[in-house]
Amino acid sequence: MKIIRAEHLGMCFGVKDAIALALETARHEPLTILGDLVHNETVVAELRAKGIRVAQRPADVSTQTVMVTAHGASNRAMNETRGRGLSVVEATCPLVDLAHRAVARLVRDGFHPVIIGKRDHVEVRGMTGDLGEFDVVLGDEDVARLGERPRFGVVAQTTQPIDKVRRLVGLIRERFPKSEVRFVDTVCQPTKQRQNAAIELAQKCDVVVVIGGTHSNNTHELVKTCSHFCARVHHVQTALELRDDWFSASDVVGITAGTSTPKAVIATVEETICALVVKEFSPATCG
Ligand code: SF4
């Protein structure tokens with residue numbers, strides 16, 4: 001068996017910085033994170049073990065200091081939180097911040113904002129929370145439901161695949177040929193790198209294992225992308241979910257991971273795949 005890692009995989013700088021800021025803040029004062037700092041249960045469990053609390057609403061916060069996650073939040077939501085007398089520490093990723101600024105600029109320039117992403121995702125809620133009118137689209141059917149506007153300003157959730165985003169922008173242009181459609185590419189570089197590396201990986205593998213949280217958007221997108229090029233794709237959060245009947249001794253196995261997945265989890269998955277195969281097909285070896 002051969003195991004290949006994607007050229008780019010796992011935790012991005014935005015998530016690493018957010019975790020570091022949470023740990024540093026919690027060294028000095030009790031801290032509650034508003035929502036999941038990252039969409040990875042392993043990381044969240046580690047933070048909890050260090051005494052960091054998690055609350056889904058400001059009303060449930062029991063510490064003086066709260067942290068906004070790497071996914072960001074709207075100014076309105078942050079002001080509401082400060083209005084409760086809480087101190088806000090922002091771990092918003094600078095690339096999410098860029099997306100917020102891009103939307104604000106488009107609105108200022110008279111464009112109707114359209115966000116390509118998941119309506120209920122915390123990042124999209126943060127991007128739209130300060131807007132009056134806006135649309136969120138994720139598929140062709142959402143574009144079909146858009147009302148006509150003279151000017152559309154389109155941005156994307158940072159973790160959407162760029163190919164899908166460009167296709168939807170094209171569809172909006174096709175549907176509204178008389179409208180001005182301005183697109184600002186807000187898909188982050190780490191997402192693009194992981195998506196491109198996943199395509200390369202899936203094309204040369206018999207089976208691909210994608211590691212990441214069940215609520216992680218970019219992990220789900222990696223699963224979808226790999227599935228276009230490889231028939232056997234499995235999504236796991238940790239090594240405990242791996243099954244020996246997914247692999248055979250002659251397989252080339254690819255590994256990729258979402259932007260919230262820590263290095264240690266990736267390493268354990270790789271070792272476990274190897275161990276499963278050796279156990280099942282001894283004397284097979286992993287390379
Ligand atoms: S996925 Fe991209 S936008 Fe999100 S935290 Fe990582 S680098 Fe930042």
# chains A, B, ... in the order shown; residues from 1 in each chain; ligands from 1
>>> residues_near_ligand(ligand="ligand 1", cutoff="12 Å", atoms="only C-alpha atoms and all ligand atoms", output="number ranges by chain")
A: 9-19, 37-39, 69-72, 91-100, 122-124, 156-161, 186-195, 216-219, 221, 257-261
>>> residues_around(residues="Val169 (chain A)", least_positions_apart="3", cutoff="9 Å", atoms="only C-alpha atoms", output="list of chain:residue names")
A:Ile116, A:Val154, A:Lys164, A:Val165, A:Arg166, A:Ile172, A:Arg173, A:Glu174, A:Val181, A:Arg182, A:Phe183
>>> residues_around(residues="Ser227 (chain A)", least_positions_apart="6", cutoff="12 Å", atoms="only C-alpha atoms", output="PyMOL selection string")
chain A and resi 198-199+201-203+205-210+220-221+233-235
>>> residues_around(residues="Arg84 (chain A)", least_positions_apart="3", cutoff="12 Å", atoms="only C-alpha atoms", output="ChimeraX atom specification")
/A:57-66,77-81,87-88
>>> select_by_dssp(residues="region 11-233 of chain A", states="strand (DSSP E)", output="count of residues only")
40
>>> atom_distance(atom1="CA of Leu47 (chain A)", atom2="CA of Ala22 (chain A)")
8.3 Å
>>> residues_around(residues="Leu168 (chain A)", least_positions_apart="5", cutoff="9 Å", atoms="only C-alpha atoms", output="list in words")
Ile116, Val137, Leu138, Gly139, Asp140, Val143, Asp163 and Arg173 of chain A
>>> closest_atom_pairs(of="region 175-213 of chain A", to="region 236-240 of chain A", cutoff="6 Å", atoms="only C-alpha atoms", output="JSON lines")
{"residue": "A:Ile211", "atom": "CA", "partner": "A:Val236", "partner_atom": "CA", "distance": 5.1}
{"residue": "A:Gly212", "atom": "CA", "partner": "A:Gln237", "partner_atom": "CA", "distance": 4.9}
{"residue": "A:Gly213", "atom": "CA", "partner": "A:Gln237", "partner_atom": "CA", "distance": 5.3}
>>> closest_residue(among="A:Gly132, A:Gly51, A:Gly110, A:Pro262", to="Pro150 (chain A)", atoms="only C-alpha atoms")
A:Gly110
>>> residues_around(residues="Gly153 (chain A)", least_positions_apart="2", cutoff="10 Å", atoms="only C-alpha atoms", output="number ranges by chain")
A: 102-103, 105-107, 109-115, 134, 151, 155, 169, 180-184
>>> atom_distance(atom1="CA of Ala26 (chain A)", atom2="CA of Arg48 (chain A)")
10.8 Å
>>> select_by_dssp(residues="region 14-66 of chain A", states="helix (DSSP H, G or I)", output="list in words")
Gly14, Val15, Lys16, Asp17, Ala18, Ile19, Ala20, Leu21, Ala22, Leu23, Glu24, Thr25, Ala26, Arg27, His28, Glu41, Thr42, Val43, Val44, Ala45, Glu46, Leu47, Arg48, Ala49, Pro58, Ala59 and Asp60 of chain A
>>> write_last_selection(atoms="N, CA and C atoms", output="compact mmCIF listing (two decimals), in the first residue's frame")
# COMPACT_ATOMS: atom_id res chain seq x y z
N GLY A 14 -5.31 31.05 9.77
CA GLY A 14 -6.39 31.77 10.46
C GLY A 14 -6.85 31.00 11.69
N VAL A 15 -6.97 29.69 11.54
CA VAL A 15 -7.42 28.86 12.66
C VAL A 15 -6.33 28.74 13.71
N LYS A 16 -5.06 28.57 13.25
CA LYS A 16 -3.94 28.47 14.21
C LYS A 16 -3.86 29.74 15.06
N ASP A 17 -3.97 30.90 14.40
CA ASP A 17 -3.86 32.17 15.14
C ASP A 17 -5.02 32.31 16.13
N ALA A 18 -6.22 31.87 15.73
CA ALA A 18 -7.38 31.99 16.62
C ALA A 18 -7.20 31.11 17.86
N ILE A 19 -6.68 29.91 17.66
CA ILE A 19 -6.44 29.01 18.80
C ILE A 19 -5.38 29.61 19.73
N ALA A 20 -4.31 30.14 19.12
CA ALA A 20 -3.23 30.74 19.93
C ALA A 20 -3.78 31.91 20.74
N LEU A 21 -4.62 32.73 20.12
CA LEU A 21 -5.18 33.90 20.83
C LEU A 21 -6.09 33.45 21.98
N ALA A 22 -6.87 32.40 21.74
CA ALA A 22 -7.75 31.88 22.81
C ALA A 22 -6.92 31.38 23.99
N LEU A 23 -5.87 30.63 23.69
CA LEU A 23 -5.04 30.07 24.77
C LEU A 23 -4.33 31.18 25.54
N GLU A 24 -3.82 32.17 24.80
CA GLU A 24 -3.10 33.28 25.44
C GLU A 24 -4.07 34.08 26.32
N THR A 25 -5.26 34.37 25.80
CA THR A 25 -6.23 35.16 26.57
C THR A 25 -6.63 34.40 27.83
N ALA A 26 -6.85 33.09 27.68
CA ALA A 26 -7.32 32.28 28.82
C ALA A 26 -6.25 32.13 29.90
N ARG A 27 -4.98 32.42 29.55
CA ARG A 27 -3.93 32.38 30.58
C ARG A 27 -4.10 33.53 31.58
N HIS A 28 -4.74 34.62 31.12
CA HIS A 28 -4.85 35.81 31.97
C HIS A 28 -6.23 36.00 32.58
N GLU A 41 -14.22 19.05 16.38
CA GLU A 41 -14.56 18.63 17.74
C GLU A 41 -13.33 18.33 18.58
N THR A 42 -12.27 17.81 17.93
CA THR A 42 -11.05 17.48 18.70
C THR A 42 -10.45 18.75 19.29
N VAL A 43 -10.35 19.79 18.46
CA VAL A 43 -9.76 21.04 18.94
C VAL A 43 -10.64 21.67 20.02
N VAL A 44 -11.94 21.67 19.79
CA VAL A 44 -12.86 22.27 20.76
C VAL A 44 -12.75 21.54 22.11
N ALA A 45 -12.64 20.23 22.06
CA ALA A 45 -12.51 19.45 23.30
C ALA A 45 -11.22 19.81 24.04
N GLU A 46 -10.13 20.03 23.26
CA GLU A 46 -8.86 20.41 23.90
C GLU A 46 -8.97 21.77 24.58
N LEU A 47 -9.66 22.70 23.93
CA LEU A 47 -9.83 24.03 24.52
C LEU A 47 -10.66 23.95 25.80
N ARG A 48 -11.71 23.16 25.75
CA ARG A 48 -12.55 22.98 26.95
C ARG A 48 -11.72 22.41 28.09
N ALA A 49 -10.85 21.46 27.74
CA ALA A 49 -10.01 20.82 28.77
C ALA A 49 -9.09 21.85 29.44
N PRO A 58 -24.72 35.19 23.47
CA PRO A 58 -24.17 36.08 24.49
C PRO A 58 -24.91 35.92 25.82
N ALA A 59 -26.23 35.61 25.77
CA ALA A 59 -27.01 35.47 26.99
C ALA A 59 -26.50 34.32 27.88
N ASP A 60 -25.78 33.38 27.27
CA ASP A 60 -25.31 32.22 28.05
C ASP A 60 -23.86 32.37 28.53
>>> atom_distance(atom1="CA of Arg76 (chain A)", atom2="CA of Leu146 (chain A)")
25.8 Å
>>> decode(residues="region 131-150 of chain A", atoms="N, CA and C atoms", output="PDB file, in the first residue's frame")
ATOM      1  N   LEU A 131     -26.080  44.212   6.980  1.00  0.00           N
ATOM      2  CA  LEU A 131     -26.664  44.653   5.714  1.00  0.00           C
ATOM      3  C   LEU A 131     -28.177  44.828   5.841  1.00  0.00           C
ATOM      4  N   GLY A 132     -28.721  45.705   5.020  1.00  0.00           N
ATOM      5  CA  GLY A 132     -30.173  45.840   4.948  1.00  0.00           C
ATOM      6  C   GLY A 132     -30.692  44.736   4.030  1.00  0.00           C
ATOM      7  N   GLU A 133     -30.583  45.004   2.721  1.00  0.00           N
ATOM      8  CA  GLU A 133     -31.031  44.002   1.739  1.00  0.00           C
ATOM      9  C   GLU A 133     -29.834  43.203   1.227  1.00  0.00           C
ATOM     10  N   PHE A 134     -30.049  41.919   1.025  1.00  0.00           N
ATOM     11  CA  PHE A 134     -28.978  41.074   0.458  1.00  0.00           C
ATOM     12  C   PHE A 134     -29.595  39.752   0.024  1.00  0.00           C
ATOM     13  N   ASP A 135     -28.867  39.009  -0.791  1.00  0.00           N
ATOM     14  CA  ASP A 135     -29.262  37.635  -1.131  1.00  0.00           C
ATOM     15  C   ASP A 135     -28.104  36.706  -0.845  1.00  0.00           C
ATOM     16  N   VAL A 136     -28.433  35.460  -0.472  1.00  0.00           N
ATOM     17  CA  VAL A 136     -27.412  34.420  -0.307  1.00  0.00           C
ATOM     18  C   VAL A 136     -27.762  33.306  -1.287  1.00  0.00           C
ATOM     19  N   VAL A 137     -26.809  32.911  -2.112  1.00  0.00           N
ATOM     20  CA  VAL A 137     -27.070  31.844  -3.086  1.00  0.00           C
ATOM     21  C   VAL A 137     -26.035  30.736  -2.924  1.00  0.00           C
ATOM     22  N   LEU A 138     -26.496  29.515  -3.144  1.00  0.00           N
ATOM     23  CA  LEU A 138     -25.572  28.376  -3.013  1.00  0.00           C
ATOM     24  C   LEU A 138     -25.617  27.479  -4.252  1.00  0.00           C
ATOM     25  N   GLY A 139     -26.757  27.546  -4.958  1.00  0.00           N
ATOM     26  CA  GLY A 139     -26.902  26.682  -6.141  1.00  0.00           C
ATOM     27  C   GLY A 139     -27.660  27.397  -7.241  1.00  0.00           C
ATOM     28  N   ASP A 140     -27.815  26.702  -8.379  1.00  0.00           N
ATOM     29  CA  ASP A 140     -28.492  27.280  -9.553  1.00  0.00           C
ATOM     30  C   ASP A 140     -29.906  27.731  -9.216  1.00  0.00           C
ATOM     31  N   GLU A 141     -30.601  26.918  -8.355  1.00  0.00           N
ATOM     32  CA  GLU A 141     -31.985  27.241  -8.034  1.00  0.00           C
ATOM     33  C   GLU A 141     -32.090  28.563  -7.274  1.00  0.00           C
ATOM     34  N   ASP A 142     -31.068  28.891  -6.489  1.00  0.00           N
ATOM     35  CA  ASP A 142     -31.068  30.180  -5.766  1.00  0.00           C
ATOM     36  C   ASP A 142     -30.867  31.336  -6.746  1.00  0.00           C
ATOM     37  N   VAL A 143     -30.019  31.128  -7.744  1.00  0.00           N
ATOM     38  CA  VAL A 143     -29.803  32.174  -8.756  1.00  0.00           C
ATOM     39  C   VAL A 143     -31.102  32.390  -9.528  1.00  0.00           C
ATOM     40  N   ALA A 144     -31.819  31.291  -9.799  1.00  0.00           N
ATOM     41  CA  ALA A 144     -33.087  31.392 -10.534  1.00  0.00           C
ATOM     42  C   ALA A 144     -34.114  32.211  -9.760  1.00  0.00           C
ATOM     43  N   ARG A 145     -33.975  32.264  -8.445  1.00  0.00           N
ATOM     44  CA  ARG A 145     -34.952  32.997  -7.608  1.00  0.00           C
ATOM     45  C   ARG A 145     -34.586  34.471  -7.405  1.00  0.00           C
ATOM     46  N   LEU A 146     -33.387  34.885  -7.864  1.00  0.00           N
ATOM     47  CA  LEU A 146     -32.977  36.278  -7.639  1.00  0.00           C
ATOM     48  C   LEU A 146     -33.874  37.239  -8.410  1.00  0.00           C
ATOM     49  N   GLY A 147     -34.211  38.367  -7.789  1.00  0.00           N
ATOM     50  CA  GLY A 147     -34.969  39.405  -8.491  1.00  0.00           C
ATOM     51  C   GLY A 147     -34.005  40.289  -9.268  1.00  0.00           C
ATOM     52  N   GLU A 148     -34.513  40.949 -10.317  1.00  0.00           N
ATOM     53  CA  GLU A 148     -33.620  41.783 -11.137  1.00  0.00           C
ATOM     54  C   GLU A 148     -33.175  43.037 -10.377  1.00  0.00           C
ATOM     55  N   ARG A 149     -31.910  43.386 -10.530  1.00  0.00           N
ATOM     56  CA  ARG A 149     -31.337  44.604  -9.932  1.00  0.00           C
ATOM     57  C   ARG A 149     -30.441  45.241 -10.983  1.00  0.00           C
ATOM     58  N   PRO A 150     -30.298  46.540 -10.963  1.00  0.00           N
ATOM     59  CA  PRO A 150     -29.396  47.148 -11.959  1.00  0.00           C
ATOM     60  C   PRO A 150     -27.931  46.776 -11.716  1.00  0.00           C
TER      61      PRO A 150
END
